[in-house]
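Student: Structure file structure05.txt (compact mmCIF, C-alpha atoms) is given on the next line.
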# COMPACT_ATOMS: atom_id res chain seq x y z
CA MET A 16 0.00 0.00 0.00
CA THR A 17 1.80 3.07 -1.15
CA SER A 18 -0.90 5.70 -1.21
CA LEU A 19 -0.06 8.95 0.49
CA VAL A 20 -3.54 9.12 1.94
CA THR A 21 -3.35 9.51 5.67
CA ALA A 22 -5.94 7.64 7.62
CA PRO A 23 -8.46 9.60 9.63
CA ALA A 24 -8.32 9.08 13.34
CA LEU A 25 -9.98 5.82 14.28
CA TYR A 26 -11.01 7.19 17.58
CA PRO A 27 -12.18 10.55 18.76
CA SER A 28 -10.11 12.41 21.26
CA SER A 29 -11.08 11.99 24.87
CA PRO A 30 -12.01 15.25 26.54
CA ALA A 31 -11.06 15.58 30.13
CA ALA A 32 -13.44 18.41 30.79
CA GLY A 33 -16.05 16.51 32.76
CA LYS A 34 -14.47 17.13 36.13
CA ALA A 35 -15.61 20.70 36.02
CA ALA A 36 -19.16 19.68 36.75
CA ARG A 37 -18.13 18.40 40.16
CA SER A 38 -16.47 21.55 41.35
CA HIS A 39 -18.11 23.95 43.77
CA VAL A 40 -18.67 26.87 41.51
CA GLY A 41 -21.63 29.11 41.00
CA LEU A 42 -24.60 27.81 39.12
CA ARG A 43 -23.85 29.98 36.11
CA LEU A 44 -20.34 28.68 35.83
CA LEU A 45 -21.66 25.21 36.26
CA VAL A 46 -24.17 25.66 33.48
CA ILE A 47 -21.47 27.00 31.17
CA ALA A 48 -19.10 24.23 32.12
CA ALA A 49 -21.75 21.57 31.65
CA ALA A 50 -22.73 22.97 28.29
CA PHE A 51 -19.09 23.00 27.23
CA VAL A 52 -18.69 19.44 28.35
CA LEU A 53 -21.77 18.33 26.47
CA VAL A 54 -20.71 20.05 23.29
CA ALA A 55 -17.12 18.88 23.52
CA VAL A 56 -18.08 15.32 24.25
CA SER A 57 -20.75 15.35 21.60
CA LEU A 58 -18.33 16.55 18.96
CA SER A 59 -15.66 14.10 19.94
CA ALA A 60 -18.09 11.23 20.13
CA GLN A 61 -19.60 11.72 16.75
CA GLY A 62 -16.58 10.79 14.69
CA GLN A 63 -16.86 11.58 11.03
CA GLN A 64 -20.16 13.14 10.18
CA GLY A 65 -22.26 13.05 7.08
CA PRO A 66 -25.69 14.36 6.20
CA GLY A 67 -27.21 11.42 8.03
CA GLY A 68 -25.22 11.92 11.21
CA ASN A 69 -22.45 9.69 12.48
CA ILE A 70 -21.02 7.27 9.94
CA GLY A 71 -20.19 4.79 12.67
CA ALA A 72 -21.77 1.39 13.02
CA LEU A 73 -25.35 1.42 14.23
CA GLY A 74 -25.56 -0.10 17.69
CA GLN A 75 -21.87 0.18 18.49
CA GLN A 76 -22.17 2.62 21.35
CA VAL A 77 -22.83 0.97 24.68
CA LYS A 78 -24.30 2.96 27.52
CA ARG A 79 -23.07 1.86 30.89
CA PRO A 80 -23.76 3.26 34.32
CA PRO A 81 -21.01 5.31 35.95
CA ALA A 82 -18.19 3.18 37.31
CA PRO A 83 -18.11 2.71 41.08
CA THR A 84 -15.84 4.62 43.40
CA GLY A 85 -14.55 3.65 46.82
CA PRO A 86 -11.44 1.66 47.68
CA PRO A 87 -10.24 -0.96 45.21
CA PRO A 88 -10.63 -4.56 46.35
CA ARG A 89 -7.59 -6.60 47.33
CA LEU A 90 -6.55 -10.21 47.06
CA ALA A 91 -5.79 -12.24 50.16
CA ASP A 92 -2.11 -11.29 50.02
CA GLY A 93 -2.95 -7.59 49.82
CA THR A 94 -2.35 -7.19 46.10
CA ILE A 95 -4.85 -4.96 44.34
CA ASP A 96 -7.47 -7.16 42.71
CA LEU A 97 -7.59 -6.36 39.01
CA GLY A 98 -9.70 -9.31 38.01
CA ASP A 99 -13.11 -8.66 39.54
CA GLY A 100 -14.60 -7.30 36.35
CA THR A 101 -13.97 -6.23 32.81
CA TRP A 102 -12.50 -2.87 31.90
CA THR A 103 -13.04 -0.54 29.01
CA THR A 104 -10.39 1.91 27.97
CA ARG A 105 -11.33 5.25 26.61
CA GLY A 106 -10.13 5.11 23.04
CA GLY A 107 -7.98 7.67 21.38
CA ASN A 108 -5.36 8.08 18.77
CA LEU A 109 -1.89 8.06 20.24
CA THR A 110 -1.53 11.83 20.07
CA SER A 111 -4.68 12.27 22.15
CA TRP A 112 -2.94 10.39 24.95
CA LEU A 113 0.00 12.78 25.04
CA LYS A 114 0.13 15.84 27.22
CA GLN A 115 -1.88 18.65 25.71
CA GLY A 116 0.16 20.37 23.03
CA GLU A 117 2.82 17.67 22.90
CA GLU A 118 3.70 16.17 19.53
CA LEU A 119 4.91 12.71 18.67
CA PRO A 120 8.72 12.90 18.38
CA LEU A 121 8.75 10.97 15.12
CA LEU A 122 12.06 10.55 13.33
CA ALA A 123 11.93 11.43 9.65
CA PRO A 124 11.81 7.85 8.35
CA ALA A 125 9.02 6.98 10.78
CA LYS A 126 7.08 10.06 9.78
CA ALA A 127 7.48 9.16 6.13
CA LEU A 128 6.34 5.62 6.83
CA MET A 129 3.27 6.89 8.67
CA GLU A 130 2.39 9.20 5.82
CA SER A 131 2.76 6.41 3.30
CA ARG A 132 0.36 4.14 5.11
CA ASN A 133 -3.12 3.73 3.71
CA PRO A 134 -5.95 3.12 6.17
CA SER A 135 -6.96 0.06 4.19
CA ALA A 136 -3.66 -1.55 5.25
CA ASP A 137 -4.41 -1.15 8.95
CA PRO A 138 -3.82 -4.54 10.58
CA TYR A 139 -6.93 -3.84 12.62
CA ALA A 140 -9.00 -3.95 9.44
CA TRP A 141 -7.69 -7.40 8.68
CA CYS A 142 -8.42 -8.94 12.07
CA LEU A 143 -4.84 -8.87 13.28
CA PRO A 144 -3.85 -8.12 16.88
CA MET A 145 -3.70 -4.61 18.21
CA GLY A 146 -0.30 -4.70 19.84
CA VAL A 147 0.33 -3.34 23.30
CA VAL A 148 -0.63 0.31 23.05
CA ARG A 149 -3.74 0.85 21.02
CA GLY A 150 -7.14 2.01 22.20
CA ASN A 151 -10.26 0.14 21.24
CA PRO A 152 -13.81 0.12 22.52
CA TYR A 153 -13.96 -3.53 23.52
CA PRO A 154 -13.54 -4.78 27.11
CA ILE A 155 -10.50 -6.45 28.59
CA ARG A 156 -10.08 -8.61 31.69
CA PHE A 157 -7.02 -9.16 33.87
CA ILE A 158 -6.37 -12.69 35.08
CA GLN A 159 -3.93 -12.75 37.99
CA ASN A 160 -2.76 -16.32 37.99
CA TYR A 161 -1.54 -17.79 41.26
CA THR A 162 -0.15 -21.20 42.03
CA HIS A 163 0.05 -22.70 45.50
CA LYS A 164 3.33 -20.85 45.90
CA LYS A 165 3.11 -17.44 44.33
CA PRO A 166 1.87 -15.41 41.40
CA THR A 167 3.26 -16.82 38.18
CA HIS A 168 1.55 -15.12 35.28
CA LEU A 169 -0.84 -12.33 34.53
CA PHE A 170 -2.99 -12.50 31.44
CA ILE A 171 -4.78 -9.63 29.81
CA MET A 172 -7.70 -10.99 27.85
CA PHE A 173 -8.96 -8.89 24.98
CA GLU A 174 -12.46 -9.33 23.64
CA LEU A 175 -11.27 -7.77 20.41
CA MET A 176 -9.92 -10.52 18.16
CA ASN A 177 -10.21 -12.99 21.06
CA THR A 178 -6.57 -12.30 21.89
CA PHE A 179 -4.55 -12.25 25.08
CA ARG A 180 -1.27 -11.02 26.48
CA GLN A 181 0.91 -13.10 28.75
CA VAL A 182 2.91 -11.32 31.43
CA PHE A 183 5.43 -13.29 33.47
CA MET A 184 5.14 -12.40 37.15
CA ASP A 185 7.64 -14.91 38.53
CA GLY A 186 10.66 -12.67 38.54
CA ARG A 187 12.27 -13.89 35.36
CA ALA A 188 14.17 -11.52 33.11
CA HIS A 189 13.62 -10.89 29.43
CA PRO A 190 15.43 -13.33 27.16
CA PRO A 191 18.46 -11.68 25.59
CA ASP A 192 17.19 -11.78 22.03
CA PRO A 193 13.49 -12.73 21.86
CA ASP A 194 11.85 -13.57 18.59
CA PRO A 195 9.66 -10.65 17.56
CA THR A 196 5.93 -10.96 18.23
CA TRP A 197 2.81 -8.76 18.16
CA PHE A 198 2.66 -8.43 21.95
CA GLY A 199 6.33 -8.84 22.69
CA HIS A 200 7.83 -10.46 25.77
CA SER A 201 6.37 -9.04 28.97
CA ILE A 202 7.51 -9.27 32.57
CA GLY A 203 5.54 -7.75 35.40
CA SER A 204 5.79 -6.73 39.01
CA TYR A 205 4.03 -4.52 41.50
CA GLU A 206 5.37 -1.21 42.74
CA GLY A 207 3.07 -0.61 45.67
CA ASP A 208 -0.38 -0.77 44.19
CA THR A 209 0.78 -0.19 40.63
CA LEU A 210 1.17 -3.06 38.19
CA VAL A 211 4.28 -2.47 36.11
CA ILE A 212 4.69 -4.35 32.83
CA ASP A 213 7.96 -4.17 30.93
CA SER A 214 7.88 -5.40 27.34
CA ILE A 215 10.38 -5.87 24.53
CA GLY A 216 10.59 -8.19 21.55
CA PHE A 217 7.94 -6.64 19.33
CA ASN A 218 7.54 -7.13 15.63
CA GLU A 219 6.98 -4.05 13.48
CA LYS A 220 3.52 -4.96 12.25
CA SER A 221 1.15 -3.27 14.66
CA TRP A 222 0.05 0.34 14.34
CA PHE A 223 -0.38 2.52 17.41
CA ASP A 224 -3.57 3.90 15.90
CA GLY A 225 -5.57 4.11 12.70
CA ARG A 226 -3.35 6.84 11.34
CA GLY A 227 -0.54 4.35 11.02
CA VAL A 228 1.65 5.63 13.85
CA PRO A 229 4.57 3.22 13.60
CA HIS A 230 7.12 1.54 15.77
CA THR A 231 10.13 -0.65 15.11
CA ASP A 232 11.38 -3.85 16.66
CA ARG A 233 13.49 -1.73 19.00
CA LEU A 234 10.32 -0.75 20.85
CA HIS A 235 10.46 -1.04 24.62
CA THR A 236 7.37 -0.22 26.64
CA ILE A 237 6.88 0.19 30.37
CA GLU A 238 3.23 0.23 31.40
CA ARG A 239 2.09 1.40 34.80
CA TRP A 240 -1.49 0.34 35.60
CA THR A 241 -2.90 1.91 38.76
CA ARG A 242 -6.38 1.13 39.98
CA VAL A 243 -7.06 4.43 41.64
CA ASP A 244 -10.41 3.37 43.07
CA ALA A 245 -12.94 0.57 42.69
CA GLY A 246 -14.00 1.61 39.23
CA HIS A 247 -11.18 3.60 37.65
CA MET A 248 -7.78 2.68 36.28
CA LYS A 249 -5.09 5.07 35.13
CA THR A 250 -2.36 3.85 32.85
CA GLU A 251 0.91 5.44 31.87
CA VAL A 252 2.96 3.89 29.12
CA LEU A 253 6.54 4.86 28.46
CA ILE A 254 7.25 4.33 24.77
CA ASP A 255 10.95 4.05 24.04
CA ASP A 256 11.77 3.26 20.44
CA PRO A 257 14.99 4.80 19.16
CA GLY A 258 14.24 3.31 15.76
CA ALA A 259 11.21 5.53 15.26
CA TYR A 260 11.32 8.35 17.83
CA SER A 261 13.90 10.92 18.80
CA ARG A 262 13.19 10.45 22.50
CA ALA A 263 11.16 8.30 24.82
CA PHE A 264 7.72 9.66 25.59
CA THR A 265 4.79 8.81 27.82
CA VAL A 266 1.12 8.38 26.98
CA THR A 267 -1.64 8.15 29.55
CA PHE A 268 -5.15 6.80 29.33
CA GLU A 269 -8.00 5.85 31.60
CA SER A 270 -10.17 2.79 31.89
CA THR A 271 -13.37 2.16 33.76
CA LEU A 272 -14.77 -0.96 35.37
CA ASN A 273 -17.83 -2.35 33.63
CA PRO A 274 -20.90 -3.65 35.46
CA PRO A 275 -20.56 -7.22 36.79
CA THR A 276 -23.01 -8.48 34.20
CA ASP A 277 -20.76 -7.34 31.39
CA GLU A 278 -18.66 -10.37 30.53
CA LEU A 279 -16.25 -10.76 27.66
CA LEU A 280 -18.06 -11.98 24.58
CA GLU A 281 -16.85 -13.99 21.64
CA TYR A 282 -15.20 -12.06 18.84
CA VAL A 283 -14.02 -14.27 16.02
CA CYS A 284 -13.06 -11.54 13.64
CA GLN A 285 -12.13 -13.73 10.72
CA GLU A 286 -15.51 -15.39 10.42
CA ASN A 287 -17.09 -12.73 8.25
CA ASN A 288 -14.71 -9.88 7.69
CA GLN A 289 -15.90 -8.10 4.58
CA TYR A 290 -13.72 -5.07 5.03
CA GLY A 291 -12.74 -3.58 1.71
CA PHE A 292 -15.59 -4.82 -0.44
CA ALA A 293 -17.79 -1.75 -0.05
CA SER A 294 -14.91 0.60 -0.80
CA GLY A 295 -13.44 -1.43 -3.66
CA VAL A 296 -10.20 -2.22 -1.84
CA ARG A 297 -10.84 -5.82 -2.78
CA MET N 20 -30.39 21.89 38.99
CA ARG N 21 -26.78 21.40 39.87
CA THR N 22 -27.35 17.74 40.48
CA GLU N 23 -29.21 17.33 37.22
CA LEU N 24 -26.54 19.03 35.16
CA THR N 25 -23.78 17.11 36.83
CA LEU N 26 -25.66 13.92 36.27
CA VAL N 27 -26.27 14.69 32.62
CA ALA N 28 -22.64 15.56 32.03
CA GLY N 29 -21.50 12.45 33.84
CA VAL N 30 -23.79 10.18 31.90
CA VAL N 31 -22.73 11.65 28.60
CA ILE N 32 -19.06 11.29 29.46
CA ALA N 33 -19.57 7.78 30.70
CA SER N 34 -21.26 6.74 27.51
CA SER N 35 -19.32 8.63 24.94
CA HIS N 36 -16.28 6.48 24.53
CA MET N 37 -17.90 3.39 23.15
CA ILE N 38 -18.59 4.53 19.69
CA MET N 39 -16.11 3.22 17.27
CA ALA N 40 -16.74 0.15 15.24
CA HIS N 41 -14.16 -2.47 14.53
CA HIS N 42 -13.25 -0.97 11.23
CA SER N 43 -12.98 2.56 10.07
CA PHE N 44 -16.35 3.13 8.54
CA SER N 45 -15.19 6.35 7.00
CA SER N 46 -12.82 4.44 4.75
CA GLU N 47 -15.57 2.11 3.59
CA TYR N 48 -18.62 4.30 3.25
CA ASP N 49 -19.29 7.58 1.51
CA ALA N 50 -20.11 10.34 3.98
CA THR N 51 -21.89 12.28 1.24
CA LYS N 52 -24.05 9.49 -0.11
CA THR N 53 -27.03 8.34 1.91
CA PHE N 54 -29.55 5.77 0.83
CA LYS N 55 -33.07 4.68 1.72
CA VAL N 56 -34.33 1.31 0.56
CA SER N 57 -37.23 -0.96 1.40
CA GLY N 58 -37.44 -4.68 0.97
CA VAL N 59 -37.53 -8.07 2.61
CA VAL N 60 -34.76 -9.45 4.80
CA SER N 61 -33.35 -12.58 3.15
CA LYS N 62 -30.46 -13.33 5.49
CA VAL N 63 -29.05 -12.23 8.84
CA GLU N 64 -25.42 -12.92 9.71
CA TRP N 65 -24.85 -12.50 13.45
CA THR N 66 -21.11 -12.54 12.91
CA ASN N 67 -17.90 -10.69 13.65
CA PRO N 68 -16.56 -8.23 13.07
CA HIS N 69 -19.93 -6.81 12.09
CA VAL N 70 -23.47 -8.09 11.97
CA ARG N 71 -24.80 -8.07 8.43
CA PHE N 72 -28.21 -8.46 6.91
CA TYR N 73 -29.28 -8.79 3.34
CA VAL N 74 -32.40 -7.24 1.87
CA ASP N 75 -34.15 -8.16 -1.37
CA VAL N 76 -35.08 -4.88 -2.98
CA LYS N 77 -37.10 -4.09 -6.06
CA GLU N 78 -35.52 -0.98 -7.48
CA ALA N 79 -37.48 1.83 -9.08
CA ASP N 80 -36.47 0.65 -12.53
CA GLY N 81 -37.78 -2.81 -11.82
CA ARG N 82 -34.46 -4.52 -11.23
CA ALA N 83 -34.17 -6.92 -8.32
CA THR N 84 -31.14 -6.23 -6.13
CA ILE N 85 -29.75 -7.64 -2.93
CA TRP N 86 -28.43 -5.07 -0.47
CA ASN N 87 -25.66 -6.07 1.92
CA LEU N 88 -26.00 -3.94 5.04
CA GLU N 89 -23.78 -3.60 8.06
CA LEU N 90 -24.42 -3.05 11.77
CA ALA N 91 -22.16 -3.02 14.82
CA SER N 92 -20.42 -6.06 16.28
CA PRO N 93 -22.53 -8.79 17.87
CA SER N 94 -21.04 -8.00 21.27
CA ALA N 95 -21.95 -4.32 21.07
CA LEU N 96 -25.46 -5.13 19.87
CA ALA N 97 -25.84 -7.73 22.63
CA ARG N 98 -24.79 -5.18 25.25
CA ASN N 99 -27.52 -2.95 23.90
CA GLY N 100 -30.04 -5.71 24.49
CA TRP N 101 -30.41 -6.87 20.93
CA THR N 102 -30.11 -10.47 19.84
CA SER N 103 -29.61 -12.51 16.73
CA ARG N 104 -33.41 -12.70 16.58
CA THR N 105 -34.13 -8.97 16.73
CA LEU N 106 -34.11 -8.83 12.94
CA LYS N 107 -35.65 -11.83 11.21
CA ILE N 108 -35.65 -13.33 7.76
CA GLY N 109 -38.87 -12.26 6.09
CA ASP N 110 -39.13 -8.93 7.89
CA THR N 111 -40.13 -6.10 5.65
CA VAL N 112 -37.78 -3.25 6.45
CA THR N 113 -36.92 0.25 5.43
CA VAL N 114 -33.24 0.94 5.88
CA GLU N 115 -31.39 4.21 5.73
CA GLY N 116 -27.68 4.73 5.92
CA TYR N 117 -24.50 5.41 4.02
CA SER N 118 -23.58 3.77 0.74
CA GLY N 119 -20.35 1.97 0.03
CA LYS N 120 -17.76 4.07 -1.70
CA ALA N 121 -17.47 1.63 -4.59
CA VAL N 122 -20.52 -0.59 -4.29
CA PRO N 123 -23.81 1.26 -3.89
CA THR N 124 -25.75 -1.83 -2.75
CA ARG N 125 -23.48 -2.20 0.23
CA GLY N 126 -24.20 0.12 3.07
CA ALA N 127 -23.73 1.07 6.68
CA ALA N 128 -27.20 1.01 8.16
CA ARG N 129 -28.12 3.92 10.38
CA SER N 130 -31.82 3.18 10.73
CA VAL N 131 -33.83 -0.03 10.37
CA VAL N 132 -37.62 0.31 10.57
CA VAL N 133 -39.85 -2.76 10.30
CA ALA N 134 -43.30 -2.86 8.75
CA ASP N 135 -45.18 -2.03 11.93
CA GLY N 136 -43.13 1.11 12.40
CA ARG N 137 -40.76 -0.12 15.09
CA SER N 138 -37.21 1.13 14.77
CA LEU N 139 -34.69 -1.66 15.40
CA PHE N 140 -31.17 -1.19 16.63
CA ALA N 141 -31.86 2.37 17.67
CA GLY N 142 -31.91 4.19 20.93
CA THR N 143 -28.29 4.69 21.88
CA ALA N 144 -27.25 8.24 22.48
CA ASP N 145 -24.95 8.39 19.51
CA ASP N 146 -27.24 6.60 17.14
CA SER N 147 -29.54 9.44 16.44
CA GLY N 148 -31.75 7.48 14.14
CA ALA N 149 -32.61 8.00 10.56
CA PRO N 150 -30.42 9.97 8.23
CA ALA N 151 -31.79 13.18 6.83
CA GLN N 152 -34.94 12.67 4.85
What would the structure in this file look like if it were written as structure tokens?
Tutor:
Amino acid sequence: MTSLVTAPALYPSSPAAGKAARSHVGLRLLVIAAAFVLVAVSLSAQGQQGPGGNIGALGQQVKRPPAPTGPPPRLADGTIDLGDGTWTTRGGNLTSWLKQGEELPLLAPAKALMESRNPSADPYAWCLPMGVVRGNPYPIRFIQNYTHKKPTHLFIMFELMNTFRQVFMDGRAHPPDPDPTWFGHSIGSYEGDTLVIDSIGFNEKSWFDGRGVPHTDRLHTIERWTRVDAGHMKTEVLIDDPGAYSRAFTVTFESTLNPPTDELLEYVCQENNQYGFASGVR
Amino acid sequence: MRTELTLVAGVVIASSHMIMAHHSFSSEYDATKTFKVSGVVSKVEWTNPHVRFYVDVKEADGRATIWNLELASPSALARNGWTSRTLKIGDTVTVEGYSGKAVPTRGAARSVVVADGRSLFAGTADDSGAPAQ
């Protein structure tokens, strides 16, 4: 795919303006703030618009009640329990997860690669895995696996593509030269209440978002997942890839706990993927 | 008033992030080309990555066509309370949506109304219903 067409953002940006409605300000300010929030969220949520409204898939949006607050639950050994429900991450293109005003420090070859990518070549469109750092609207679940001795593995189950990540929690180190894979080689530990996942050994196939934001096989990520209360998770990911970026940088995103009735559902993407037929790509 | 506004804002924020489909619809469908067709449902595919249904349509010029129409993923539809039986073979439907960029009889459905006037797969905050008349 050599078109110079740049893909539109797969995901709308995630406004952080909602907190204003909780502050103790005058009613007028509150009304203005609430109106701003509604407009901002509405605009961001609509995606690409046409004369018939949103072009997104009918029925895709899921309304869920607000996530709970209060202290996060703990396992018997005191570790924060991450597995008592499914989580949904607020989607965004990678830039939307940077600090406001920050730009991706793309090296020239990486920028050229990104600009050469056609949205129809997005691995996501062809039912391939999402890699480690890519927002999507489908739930995930953490499985903290214990043996009779100690924690051994942590799995992150993705509804999307029915995929999973395996994180070794037994103290092992990375192998010196791992074969490249979509999710890389991940080792994890806890720093206080924060789950830290260190990953290397990626292939170069996944895109960070629908615009084709690239990475190389020199990518090294350090994720820090902190369950700040019963229903909210904050994640920081250090992205260090000297093959594609001039410096390491950090993205942050938030996830919310879904209601207990909301289980992971089957998603066998390959069974009827007709992507590309309507647009003439194939 | 304060409580109401806060609640409204909170609900909107809570619900606003679940909107994107598996694939970038904007690369498949023409944002400037809406359609409205009526016909009989001949097949429903409750499949990933998107639910599809097929409608036998008699075009204005008398030709018989089969429209291939796309909805959200089964999991998203299920979370909205819809099932593989919400839309049935034999239903007479009127569908509005966006046409495929290259194939006009493929479309992204935005509104599905059955013969008795019920609107299926509607009601989420972002799915505002029928395209412009």
Student: With distances taken over only C-alpha atoms, which residue among A:Leu90, A:Leu73, A:Leu175, A:Ala82 lies nearest A:Arg149?
Tutor: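 Ranking A:Leu90, A:Leu73, A:Leu175, A:Ala82 by distance to A:Arg149, first place goes to A:Leu175.
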Student: Considering all atoms listed in the file, can you say which of A:Arg132, A:Arg180, A:Arg262, A:Arg79 comes closest to chain N?
Tutor: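 The answer is A:Arg79, which sits nearest to chain N.
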Student: Need the shell around N:Trp86: protein/DNA/RNA residues with any atom at most 9 Å away, counting all atoms listed in the file. Skip same-chain ones fewer than 3 positions apart. Format as a list in words?
Tutor: Val56, Phe72, Tyr73, Val74, Asp75, Val76, Pro123, Thr124, Arg125 and Gly126 of chain N
Student: In Å to one decimal, how far is atom CA of N:Val112 from atom CA of N:Val132?
Tutor: 5.4 Å
Student: Given all atoms listed in the file as the basis, pick out the residue of A:Ala245, A:Val147, A:Ala127, A:Ala140 nearest to chain N.
Tutor: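 Nearest to chain N: A:Ala140.
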Student: Taking 3 positions as the minimum chain separation for residues in the same chain, which residues sit within 8 Å of N:Leu139 when counting only C-alpha atoms? Answer as a ChimeraX atom specification.
Tutor: /N:105-106,130-133
Student: For chain A, which residue out of N:Asp110, N:Asp80, N:Asp135, N:Glu115 is the nearest one, using all atoms listed in the file?
Tutor: N:Glu115
Student: So what do you get for atom CA of A:Gly106 versus atom CA of A:Trp197, distance-wise?
Tutor: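 That distance, rounded to one decimal, is 19.6 Å.
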Student: For N:Ala95, which residue among N:Arg137, N:His69, N:Ala121, N:Ala50 is the nearest when counting all atoms listed in the file?
Tutor: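 That would be N:His69, the residue with the smallest distance to N:Ala95.
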Student: Just the residues within 8 Å of A:Glu238, please, counting only C-alpha atoms, with nothing from its chain fewer than 5 positions along; format it as a list in words.
Tutor: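 So the residues in contact are Leu210, Val211, Ile212, Asp213, Thr250, Glu251, Val252 and Leu253 of chain A.
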Student: Missing atoms in stretch 43-63 of chain N should be modelled up to N, CA and C atoms and reported as a compact mmCIF listing (two decimals), keeping the file's coordinate frame.
Tutor:
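Result file is rebuild.txt:
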# COMPACT_ATOMS: atom_id res chain seq x y z
N SER N 43 -12.74 1.15 10.33
CA SER N 43 -12.98 2.56 10.07
C SER N 43 -14.06 2.70 9.01
N PHE N 44 -15.24 3.01 9.48
CA PHE N 44 -16.35 3.13 8.54
C PHE N 44 -16.09 4.21 7.50
N SER N 45 -15.38 5.24 7.93
CA SER N 45 -15.19 6.35 7.00
C SER N 45 -14.34 5.96 5.80
N SER N 46 -13.59 4.86 5.92
CA SER N 46 -12.82 4.44 4.75
C SER N 46 -13.63 3.49 3.86
N GLU N 47 -14.75 3.04 4.35
CA GLU N 47 -15.57 2.11 3.59
C GLU N 47 -16.79 2.78 2.96
N TYR N 48 -17.34 3.75 3.67
CA TYR N 48 -18.62 4.30 3.25
C TYR N 48 -18.49 5.78 2.93
N ASP N 49 -19.37 6.23 2.05
CA ASP N 49 -19.29 7.58 1.51
C ASP N 49 -20.13 8.51 2.40
N ALA N 50 -19.43 9.43 3.04
CA ALA N 50 -20.11 10.34 3.98
C ALA N 50 -21.07 11.29 3.28
N THR N 51 -21.01 11.35 1.97
CA THR N 51 -21.89 12.28 1.24
C THR N 51 -23.04 11.56 0.55
N LYS N 52 -23.07 10.24 0.68
CA LYS N 52 -24.05 9.49 -0.11
C LYS N 52 -24.93 8.63 0.80
N THR N 53 -26.11 9.11 1.08
CA THR N 53 -27.03 8.34 1.91
C THR N 53 -27.98 7.56 1.01
N PHE N 54 -28.58 6.55 1.60
CA PHE N 54 -29.55 5.77 0.83
C PHE N 54 -30.78 5.49 1.70
N LYS N 55 -31.86 5.14 1.05
CA LYS N 55 -33.07 4.68 1.72
C LYS N 55 -33.69 3.62 0.84
N VAL N 56 -33.75 2.40 1.34
CA VAL N 56 -34.33 1.31 0.56
C VAL N 56 -35.32 0.54 1.41
N SER N 57 -36.28 -0.09 0.73
CA SER N 57 -37.23 -0.96 1.40
C SER N 57 -37.22 -2.31 0.72
N GLY N 58 -37.42 -3.34 1.53
CA GLY N 58 -37.44 -4.68 0.97
C GLY N 58 -37.62 -5.71 2.06
N VAL N 59 -37.32 -6.95 1.70
CA VAL N 59 -37.53 -8.07 2.61
C VAL N 59 -36.18 -8.67 3.00
N VAL N 60 -36.01 -8.88 4.29
CA VAL N 60 -34.76 -9.45 4.80
C VAL N 60 -34.64 -10.91 4.33
N SER N 61 -33.54 -11.21 3.65
CA SER N 61 -33.35 -12.58 3.15
C SER N 61 -32.33 -13.36 3.96
N LYS N 62 -31.49 -12.64 4.70
CA LYS N 62 -30.46 -13.33 5.49
C LYS N 62 -29.96 -12.40 6.59
N VAL N 63 -29.67 -12.98 7.74
CA VAL N 63 -29.05 -12.23 8.84
C VAL N 63 -27.80 -12.98 9.26
